[in-house]
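Engineer: Below: one structure in structure tokens.
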6 protein chains.
Amino acid sequence: MIYITRRERFNAAHKLFRPEWSDEKNLEVFGKCSNPNWHGHNYELFITVKGDINIETGFVIDLKALKAIIRTYVTEALDHKNINLDVNFMKNKMASTEVLAVAIFEQIKPHIQIEGAELHSVKLYETENNFVEYFG
Amino acid sequence: MIYITRRERFNAAHKLFRPEWSDEKNLEVFGKCSNPNWHGHNYELFITVKGDINIETGFVIDLKALKAIIRTYVTEALDHKNINLDVNFMKNKMASTEVLAVAIFEQIKPHIQIEGAELHSVKLYETENNFVEYFG
Amino acid sequence: MIYITRRERFNAAHKLFRPEWSDEKNLEVFGKCSNPNWHGHNYELFITVKGDINIETGFVIDLKALKAIIRTYVTEALDHKNINLDVNFMKNKMASTEVLAVAIFEQIKPHIQIEGAELHSVKLYETENNFVEYFG
Amino acid sequence: MIYITRRERFNAAHKLFRPEWSDEKNLEVFGKCSNPNWHGHNYELFITVKGDINIETGFVIDLKALKAIIRTYVTEALDHKNINLDVNFMKNKMASTEVLAVAIFEQIKPHIQIEGAELHSVKLYETENNFVEYFG
Amino acid sequence: MIYITRRERFNAAHKLFRPEWSDEKNLEVFGKCSNPNWHGHNYELFITVKGDINIETGFVIDLKALKAIIRTYVTEALDHKNINLDVNFMKNKMASTEVLAVAIFEQIKPHIQIEGAELHSVKLYETENNFVEYFG
Amino acid sequence: MIYITRRERFNAAHKLFRPEWSDEKNLEVFGKCSNPNWHGHNYELFITVKGDINIETGFVIDLKALKAIIRTYVTEALDHKNINLDVNFMKNKMASTEVLAVAIFEQIKPHIQIEGAELHSVKLYETENNFVEYFG
């Protein structure tokens with residue numbers, strides 16, 4: 001078994017807030033991340049897939065296929081978008097890095113299996129100082 | 001004469017659009033950067049100051065003072081904000097990296113002079129692939 | 001279960017030596033790292049915490065709380081210090097990256113539990129080419 | 001148990017192709033990586049070793065010894081070489097990142113054991129966007 | 001006047017040698033860079049353009065246009081190629097980073113002028129430790 | 001004319017203080033950088049040389065020669081040393097990044113001329129957030 005990782009990037013706006021809370025409570029819990037007019041990030045996404053090496057190609061998975069899956073099901077939906085408002089698979093969810101990583105994992109998982117490999121993890125950087133990792 | 005540079009960072013939302021244009025024209029000119037619901041970036045800012053070395057301290061400028069100037073006049077206004085809506089010195093301006101770099105230069109320049117040095121340049125990264133530099 | 005990581009940095013002096021050994025023996029075993037007058041590094045520290053996502057906030061742990069723990073119990077004690085001479089939790093220990101990573105883990109672990117999450121690992125870079133990782 | 005990682009780098013040429021296939025079929029399967037006249041990469045290699053901390057030295061493994069093993073058995077054979085043509089331990093193998101990572105693992109493993117530690121993983125970056133990891 | 005820079009990357013094989021010299025002389029002058037079977041790099045290219053800011057768009061140059069110029073006239077010719085054998089604008093030239101940077105400058109310069117801006121510099125990284133810069 | 005840059009690194013201890021001042025005054029002026037027991041950094045050094053391209057080799061300067069100059073006259077003197085105590089060319093000088101960059105420039109300049117090129121600049125990073133540049 002071997003693990004292969006592909007990095008993709010997307011730039012998006014978001015905010016952390018609960019609509020049923022007052023602005024004061026949102027500010028108290030989420031700090032400057034609750035700014036009503038949004039803020040944004042250059043997200044870095046690392047998708048790790050595991051499986052056996054195909055003897056003919058030397059590949060776990062064709063990187064062109066992996067790239068196409070990530071772009072079709074994840075980054076086209078997120079890049080240059082507002083995570084809270086524009087992204088179907090984030091509707092009615094908190095736009096935290098943790099929740100976003102889990103949602104990306106669910107988006108990608110079945111398409112990796114069709115390629116004959118297995119999704120191992122989603123690693124998502126919000127800034128150079130903060131990232132989350134989810135293994136399913 | 002020697003040059004010293006301080007890096008600071010801020011995370012902000014923005015969009016590129018002209019309100020007097022239709023959404024179609026904005027999309028044609030600005031592409032996905034015109035997304036009506038905003039998108040955002042982790043901006044990286046490099047402020048370069050030049051001057052002579054103070055013999056007693058070995059400094060061109062006290063980095064604590066330089067850091068305070070950048071934070072007070074630039075990053076506190078921009079970090080976790082919407083550049084188009086929340087930032088006084090960007091009101092009625094295009095929120096492009098070029099225009100933002102020029103505005104930051106004007107914000108900082110007089111405060112560097114008070115410290116006895118001279119602002120040389122503002123370098124502003126929007127993504128790892130795109131940056132601008134302004135020398136006044 | 002999801003994993004979140006926070007990066008913090010500190011700049012410190014140290015040397016590798018055993019006081020009961022001669023300078024020659026220290027040099028033989030530790031090479032240039034035994035320089036009697038010290039040397040130093042920009043250390044990069046990655047603290048990884050694991051737990052379940054809080055449904056209300058979307059967080060595993062409040063990053064402001066995680067940051068405060070790392071600063072209070074680790075980086076304030078280490079930043080701009082001499083690891084061999086100035087740091088209580090390193091007294092009478094070898095100032096190797098391995099031993100330091102273990103000591104940082106012990107410093108932080110109980111404070112993460114108070115926040116309702118679990119410390120997963122400490123990753124510590126001494127240079128861009130060398131790092132250690134400890135999981136408890 | 002603690003983990004220590006050493007980064008080394010090498011610059012090499014390679015191509016992905018099967019000699020029994022036509023150029024058309026190689027192009028179809030391997031895309032531009034099958035260019036007959038080769039292409040190349042700056043590979044980044046991370047070797048992770050695990051073991052207990054030696055009480056006298058504070059080390060899992062002497063980094064000078066680890067560095068020497070990686071250079072003698074891996075990077076001297078690969079640096080400024082053609083992976084398909086010049087490297088004994090890659091003869092008659094696909095020059096994919098996956099296959100190369102496995103071969104490097106096998107090259108290094110016995111020499112780490114002689115030093116009293118255990119090889120944990122080989123992580124190999126082909127580009128900033130693609131890497132593989134092998135745990136034996 | 002403001003400066004904007006776009007980063008692009010390409011992966012290529014090359015070697016440094018003069019065909020009229022013996023292998024021994026090539027080795028003496030060019031060291032391991034003369035390996036007869038080639039080696040390769042992940043090149044990083046930074047193209048800097050200067051000009052005035054367009055008042056309507058806030059741009060010096062449309063980054064989509066700049067990206068298209070770099071890809072059409074430079075990286076499509078170089079990416080996954082052998083610089084000595086496959087690249088028309090490098091025929092009969094030394095494949096050194098210096099000579100390649102100059103050739104890229106000449107390739108791009110007229111196309112930037114058509115866009116109403118001016119090519120300022122080409123910066124080309126061969127490795128993380130070595131790069132060249134050419135200003136025309 | 002073309003510019004070539006070589007990166008080298010060194011890890012050193014230092015402190016900022018004036019011996020004729022009290023500890024209180026040193027602390028007031030230099031902050032935590034005045035810690036009596038030292039602190040340290042992973043310094044990154046970029047040496048830029050300019051000249052014409054040699055037609056036979058395609059080089060401005062042989063990088064092996066440039067590397068040897070930097071190591072012989074700069075990094076061997078600084079790496080794993082105390083800048084205030086162990087480095088001849090820093091004796092009786094403030095160990096600030098500015099002063100160190102100027103001293104490195106003077107150390108290297110004549111040796112570049114012997115190789116038939118000209119030293120253009122010394123760029124010295126103390127941390128990822130602070131660097132200085134000196135052009136002579």
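As shown in the structure tokens, the chain order sets the letters A, B, ...; within each chain, residues go from 1, and ligands are also counted from 1 in the order they appear.
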With only C-alpha atoms as the counted atoms, please give the residues lying no more than 7 Å from stretch 22-39 of chain F, apart from itself and same-chain residues fewer than 4 positions off, as a list in words.

Structural biologist: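 My list of contacting residues is Asn11, Ala12, Ala13, Gly40, His80, Lys81 and Asn82 of chain C; Ala13, His14, Lys15, Leu16, Phe17 and Arg18 of chain F.
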
Engineer: Mind checking which residues fall within 10 Å of B:Leu63, counting only C-alpha atoms, ignoring those fewer than 3 positions away in the same chain, and posting them as a list of chain:residue names?

Structural biologist: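 Neighbouring residues, sequence-local ones excluded: B:Ile4, B:Thr5, B:Arg6, B:Phe59, B:Val60, B:Leu66, B:Lys67, B:Ala68, B:Ile69, F:Phe30, F:Asn130.
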
Engineer: By how many Å are atom CA of B:Glu98 and atom CA of B:Glu133 apart?

Structural biologist: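 About the pair atom CA of B:Glu98 and atom CA of B:Glu133: they are 7.9 Å apart.
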
Engineer: Tell me, counting only C-alpha atoms, for each residue of chain E within 12 Å of chain B, which pair of atoms is nearest and how far apart they are in Å to one decimal, in rows ordered by chain and increasing number, as CSV.

Structural biologist:
residue,atom,partner,partner_atom,distance
E:Met1,CA,B:Tyr134,CA,7.4
E:Ile2,CA,B:Tyr134,CA,5.1
E:Tyr3,CA,B:Glu133,CA,5.0
E:Ile4,CA,B:Val132,CA,4.2
E:Thr5,CA,B:Phe131,CA,5.3
E:Arg6,CA,B:Asn130,CA,4.9
E:Arg7,CA,B:Asn129,CA,4.6
E:Glu8,CA,B:Asn129,CA,7.2
E:Arg9,CA,B:Asn129,CA,9.8
E:Glu44,CA,B:Asn129,CA,10.4
E:Leu45,CA,B:Asn129,CA,10.0
E:Phe46,CA,B:Asn129,CA,8.6
E:Ile47,CA,B:Asn130,CA,9.9
E:Thr48,CA,B:Val132,CA,8.7
E:Val49,CA,B:Val132,CA,9.3
E:Lys50,CA,B:Glu133,CA,9.3
E:Gly51,CA,B:Glu98,CA,10.7
E:Asp52,CA,B:Glu98,CA,9.7
E:Ile53,CA,B:Glu98,CA,7.3
E:Asn54,CA,B:Val99,CA,9.8
E:Ile55,CA,B:Met94,CA,8.5
E:Glu56,CA,B:Arg18,CA,8.0
E:Thr57,CA,B:Met94,CA,7.1
E:Gly58,CA,B:Ser96,CA,5.6
E:Phe59,CA,B:Glu98,CA,6.5
E:Val60,CA,B:Glu98,CA,7.4
E:Ile61,CA,B:Glu98,CA,10.1
E:Asp62,CA,B:Phe30,CA,8.7
E:Leu63,CA,B:Asn130,CA,8.5
E:Lys64,CA,B:Gly31,CA,9.0
E:Ala65,CA,B:Val29,CA,11.4
E:Leu66,CA,B:Asn130,CA,10.8
E:Lys67,CA,B:Asn129,CA,10.3
E:His120,CA,B:Glu133,CA,11.8

Engineer: Please write the residues from the selection above to a file, keeping N, CA, C and O atoms, as a short mmCIF file (atom, residue, chain, number, x, y, z; two decimals), in the first residue's frame.

Structural biologist:
data_model
loop_
_atom_site.label_atom_id
_atom_site.label_comp_id
_atom_site.auth_asym_id
_atom_site.auth_seq_id
_atom_site.Cartn_x
_atom_site.Cartn_y
_atom_site.Cartn_z
N MET E 1 3.83 54.54 -11.97
CA MET E 1 4.28 53.25 -12.50
C MET E 1 4.24 52.18 -11.41
O MET E 1 4.67 52.41 -10.28
N ILE E 2 3.72 50.99 -11.76
CA ILE E 2 3.64 49.89 -10.79
C ILE E 2 4.09 48.61 -11.49
O ILE E 2 4.07 48.52 -12.72
N TYR E 3 4.54 47.64 -10.69
CA TYR E 3 5.10 46.39 -11.21
C TYR E 3 4.21 45.23 -10.78
O TYR E 3 3.85 45.14 -9.61
N ILE E 4 3.90 44.34 -11.72
CA ILE E 4 3.13 43.15 -11.38
C ILE E 4 3.89 41.93 -11.85
O ILE E 4 4.50 41.93 -12.92
N THR E 5 3.84 40.88 -11.04
CA THR E 5 4.61 39.67 -11.31
C THR E 5 3.70 38.45 -11.31
O THR E 5 2.84 38.32 -10.44
N ARG E 6 3.91 37.60 -12.30
CA ARG E 6 3.18 36.33 -12.40
C ARG E 6 4.19 35.20 -12.32
O ARG E 6 5.20 35.21 -13.02
N ARG E 7 3.91 34.22 -11.46
CA ARG E 7 4.74 33.01 -11.36
C ARG E 7 4.16 31.90 -12.21
O ARG E 7 2.95 31.66 -12.17
N GLU E 8 4.97 31.24 -13.02
CA GLU E 8 4.59 30.01 -13.72
C GLU E 8 5.70 28.99 -13.49
O GLU E 8 6.81 29.35 -13.11
N ARG E 9 5.41 27.74 -13.73
CA ARG E 9 6.40 26.68 -13.48
C ARG E 9 6.49 25.74 -14.68
O ARG E 9 5.53 25.59 -15.42
N GLU E 44 11.09 27.49 -11.71
CA GLU E 44 10.08 28.48 -11.32
C GLU E 44 10.42 29.78 -12.04
O GLU E 44 11.55 30.25 -11.96
N LEU E 45 9.43 30.35 -12.70
CA LEU E 45 9.62 31.52 -13.55
C LEU E 45 8.76 32.67 -13.02
O LEU E 45 7.56 32.50 -12.79
N PHE E 46 9.37 33.84 -12.81
CA PHE E 46 8.64 35.03 -12.38
C PHE E 46 8.79 36.11 -13.45
O PHE E 46 9.90 36.60 -13.68
N ILE E 47 7.68 36.46 -14.09
CA ILE E 47 7.67 37.48 -15.14
C ILE E 47 7.12 38.77 -14.54
O ILE E 47 5.98 38.79 -14.06
N THR E 48 7.93 39.84 -14.58
CA THR E 48 7.50 41.13 -14.02
C THR E 48 7.25 42.13 -15.14
O THR E 48 8.12 42.35 -15.98
N VAL E 49 6.07 42.74 -15.09
CA VAL E 49 5.62 43.71 -16.10
C VAL E 49 5.38 45.04 -15.40
O VAL E 49 4.91 45.05 -14.26
N LYS E 50 5.71 46.15 -16.07
CA LYS E 50 5.47 47.46 -15.45
C LYS E 50 4.62 48.34 -16.36
O LYS E 50 4.59 48.14 -17.58
N GLY E 51 3.97 49.32 -15.74
CA GLY E 51 3.14 50.24 -16.51
C GLY E 51 2.29 51.06 -15.57
O GLY E 51 2.44 51.00 -14.35
N ASP E 52 1.39 51.84 -16.14
CA ASP E 52 0.48 52.64 -15.35
C ASP E 52 -0.80 51.84 -15.08
O ASP E 52 -1.16 50.95 -15.84
N ILE E 53 -1.47 52.22 -14.00
CA ILE E 53 -2.72 51.54 -13.65
C ILE E 53 -3.84 52.08 -14.53
O ILE E 53 -4.06 53.29 -14.59
N ASN E 54 -4.56 51.20 -15.20
CA ASN E 54 -5.75 51.56 -15.96
C ASN E 54 -6.85 51.98 -14.98
O ASN E 54 -7.19 51.22 -14.06
N ILE E 55 -7.39 53.19 -15.17
CA ILE E 55 -8.33 53.72 -14.17
C ILE E 55 -9.61 52.89 -14.09
O ILE E 55 -10.16 52.67 -13.01
N GLU E 56 -10.07 52.41 -15.22
CA GLU E 56 -11.33 51.65 -15.22
C GLU E 56 -11.21 50.29 -14.54
O GLU E 56 -12.10 49.88 -13.80
N THR E 57 -10.12 49.58 -14.80
CA THR E 57 -10.00 48.21 -14.30
C THR E 57 -9.15 48.09 -13.03
O THR E 57 -9.23 47.07 -12.33
N GLY E 58 -8.30 49.09 -12.77
CA GLY E 58 -7.37 48.96 -11.65
C GLY E 58 -6.19 48.06 -11.97
O GLY E 58 -5.42 47.71 -11.07
N PHE E 59 -6.03 47.70 -13.25
CA PHE E 59 -4.97 46.75 -13.67
C PHE E 59 -3.83 47.47 -14.40
O PHE E 59 -4.06 48.43 -15.13
N VAL E 60 -2.61 46.93 -14.27
CA VAL E 60 -1.51 47.28 -15.17
C VAL E 60 -1.68 46.49 -16.46
O VAL E 60 -1.51 47.00 -17.56
N ILE E 61 -1.97 45.22 -16.29
CA ILE E 61 -2.17 44.31 -17.41
C ILE E 61 -3.17 43.28 -16.90
O ILE E 61 -3.19 42.96 -15.71
N ASP E 62 -4.02 42.79 -17.78
CA ASP E 62 -4.96 41.74 -17.40
C ASP E 62 -4.16 40.48 -17.12
O ASP E 62 -3.48 39.96 -18.02
N LEU E 63 -4.24 39.96 -15.88
CA LEU E 63 -3.44 38.78 -15.54
C LEU E 63 -3.79 37.57 -16.41
O LEU E 63 -2.93 36.72 -16.64
N LYS E 64 -5.03 37.49 -16.88
CA LYS E 64 -5.39 36.39 -17.78
C LYS E 64 -4.61 36.50 -19.08
O LYS E 64 -4.16 35.49 -19.63
N ALA E 65 -4.42 37.73 -19.57
CA ALA E 65 -3.62 37.94 -20.79
C ALA E 65 -2.15 37.62 -20.54
O ALA E 65 -1.49 36.97 -21.37
N LEU E 66 -1.64 38.06 -19.38
CA LEU E 66 -0.22 37.80 -19.06
C LEU E 66 0.03 36.30 -18.97
O LEU E 66 1.02 35.77 -19.50
N LYS E 67 -0.87 35.62 -18.29
CA LYS E 67 -0.78 34.16 -18.14
C LYS E 67 -0.80 33.47 -19.51
O LYS E 67 -0.01 32.55 -19.76
N HIS E 120 9.50 44.07 -17.56
CA HIS E 120 10.56 44.61 -16.70
C HIS E 120 11.67 43.59 -16.47
O HIS E 120 12.85 43.91 -16.59
#

Engineer: Find the residues around stretch 73-76 of chain F up to 7 Å (only C-alpha atoms counted), leave out those fewer than 5 positions away in its own chain, and share them as a tab-separated table (two decimals) with all heavy atoms, in the first residue's frame.

Structural biologist:
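Output saved as part08.tsv:
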chain	number	residue	atom	x	y	z
F	10	PHE	N	22.96	29.64	7.60
F	10	PHE	CA	23.77	29.36	8.78
F	10	PHE	C	22.91	29.58	10.03
F	10	PHE	O	21.97	30.37	10.01
F	10	PHE	CB	25.05	30.23	8.82
F	10	PHE	CG	24.82	31.71	8.78
F	10	PHE	CD1	24.70	32.46	9.95
F	10	PHE	CD2	24.74	32.38	7.57
F	10	PHE	CE1	24.50	33.83	9.92
F	10	PHE	CE2	24.53	33.76	7.52
F	10	PHE	CZ	24.41	34.48	8.70
F	104	ILE	N	29.19	41.11	5.76
F	104	ILE	CA	29.26	40.00	4.80
F	104	ILE	C	29.59	40.54	3.41
F	104	ILE	O	30.40	39.95	2.68
F	104	ILE	CB	27.93	39.21	4.81
F	104	ILE	CG1	27.78	38.43	6.12
F	104	ILE	CG2	27.83	38.28	3.60
F	104	ILE	CD1	26.41	37.81	6.34
F	107	GLN	N	33.21	41.18	3.26
F	107	GLN	CA	33.97	39.93	3.24
F	107	GLN	C	34.07	39.32	1.83
F	107	GLN	O	35.07	38.76	1.44
F	107	GLN	CB	33.27	38.87	4.13
F	107	GLN	CG	33.51	39.00	5.60
F	107	GLN	CD	34.95	38.73	5.98
F	107	GLN	OE1	35.69	39.65	6.32
F	107	GLN	NE2	35.36	37.47	5.89
F	108	ILE	N	32.94	39.42	1.09
F	108	ILE	CA	32.82	38.68	-0.17
F	108	ILE	C	33.30	39.47	-1.38
F	108	ILE	O	33.85	38.92	-2.33
F	108	ILE	CB	31.34	38.25	-0.36
F	108	ILE	CG1	31.02	37.09	0.56
F	108	ILE	CG2	31.07	37.86	-1.80
F	108	ILE	CD1	29.59	36.62	0.47

Engineer: What separation in Å, quoted to one decimal, exists between atom CA of F:Asn42 and atom CA of C:Asn42?

Structural biologist: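 Between atom CA of F:Asn42 and atom CA of C:Asn42 the gap is 5.2 Å.
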
Engineer: Please extract the residues of chain C with a backbone DSSP assignment of alpha helix (DSSP H) and present them as a ChimeraX atom specification.

Structural biologist: /C:23-30,63-70,76-78,83-86,97-114

Engineer: Keeping C-alpha atoms, export the residues of the selection given above as a PDB file, in the first residue's frame.

Structural biologist:
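Once written, again28.pdb looks like this:
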ATOM      1  CA  ASP C  23      35.221  19.531  25.116  1.00  0.00           C
ATOM      2  CA  GLU C  24      36.957  17.028  22.837  1.00  0.00           C
ATOM      3  CA  LYS C  25      34.475  14.258  23.602  1.00  0.00           C
ATOM      4  CA  ASN C  26      31.540  16.680  23.200  1.00  0.00           C
ATOM      5  CA  LEU C  27      32.940  17.774  19.847  1.00  0.00           C
ATOM      6  CA  GLU C  28      33.422  14.169  18.767  1.00  0.00           C
ATOM      7  CA  VAL C  29      29.843  13.195  19.628  1.00  0.00           C
ATOM      8  CA  PHE C  30      27.924  16.400  18.892  1.00  0.00           C
ATOM      9  CA  LEU C  63      -8.004  28.430  18.032  1.00  0.00           C
ATOM     10  CA  LYS C  64      -7.722  31.508  20.256  1.00  0.00           C
ATOM     11  CA  ALA C  65      -7.608  29.188  23.281  1.00  0.00           C
ATOM     12  CA  LEU C  66      -5.102  26.840  21.595  1.00  0.00           C
ATOM     13  CA  LYS C  67      -2.885  29.787  20.675  1.00  0.00           C
ATOM     14  CA  ALA C  68      -3.037  31.112  24.241  1.00  0.00           C
ATOM     15  CA  ILE C  69      -2.048  27.708  25.685  1.00  0.00           C
ATOM     16  CA  ILE C  70       0.947  27.355  23.353  1.00  0.00           C
ATOM     17  CA  GLU C  76       6.911  32.626  26.138  1.00  0.00           C
ATOM     18  CA  ALA C  77       9.337  30.384  27.993  1.00  0.00           C
ATOM     19  CA  LEU C  78      11.446  29.636  24.907  1.00  0.00           C
ATOM     20  CA  ILE C  83      17.214  26.613  26.053  1.00  0.00           C
ATOM     21  CA  ASN C  84      19.978  25.203  28.263  1.00  0.00           C
ATOM     22  CA  LEU C  85      20.074  28.095  30.736  1.00  0.00           C
ATOM     23  CA  ASP C  86      16.760  29.978  30.774  1.00  0.00           C
ATOM     24  CA  THR C  97      15.127  18.601  19.294  1.00  0.00           C
ATOM     25  CA  GLU C  98      13.872  15.176  20.397  1.00  0.00           C
ATOM     26  CA  VAL C  99      14.031  15.962  24.125  1.00  0.00           C
ATOM     27  CA  LEU C 100      12.557  19.430  23.588  1.00  0.00           C
ATOM     28  CA  ALA C 101       9.592  18.027  21.630  1.00  0.00           C
ATOM     29  CA  VAL C 102       8.800  15.591  24.440  1.00  0.00           C
ATOM     30  CA  ALA C 103       9.041  18.371  27.040  1.00  0.00           C
ATOM     31  CA  ILE C 104       6.706  20.611  25.030  1.00  0.00           C
ATOM     32  CA  PHE C 105       4.204  17.740  24.757  1.00  0.00           C
ATOM     33  CA  GLU C 106       4.170  17.340  28.550  1.00  0.00           C
ATOM     34  CA  GLN C 107       3.816  21.110  29.050  1.00  0.00           C
ATOM     35  CA  ILE C 108       0.755  21.376  26.812  1.00  0.00           C
ATOM     36  CA  LYS C 109      -1.125  18.103  27.274  1.00  0.00           C
ATOM     37  CA  PRO C 110      -3.114  18.880  30.469  1.00  0.00           C
ATOM     38  CA  HIS C 111      -4.216  22.295  29.220  1.00  0.00           C
ATOM     39  CA  ILE C 112      -5.673  20.823  26.026  1.00  0.00           C
ATOM     40  CA  GLN C 113      -7.722  18.372  28.084  1.00  0.00           C
ATOM     41  CA  ILE C 114      -9.224  21.248  30.084  1.00  0.00           C
TER      42      ILE C 114
END

Engineer: Mind the document's chain letters and residue numbers, and return as a list in words the residues of stretch 34-110 of chain B that DSSP labels strand (DSSP E).

Structural biologist: His39, Gly40, His41, Asn42, Tyr43, Glu44, Leu45, Phe46, Ile47, Thr48, Val49, Lys50, Gly51, Lys81 and Asn82 of chain B

Engineer: Quick one, how far is atom CA of F:Lys91 from atom CA of F:Glu20?

Structural biologist: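 Atom-to-atom, atom CA of F:Lys91 to atom CA of F:Glu20, that is 15.6 Å.
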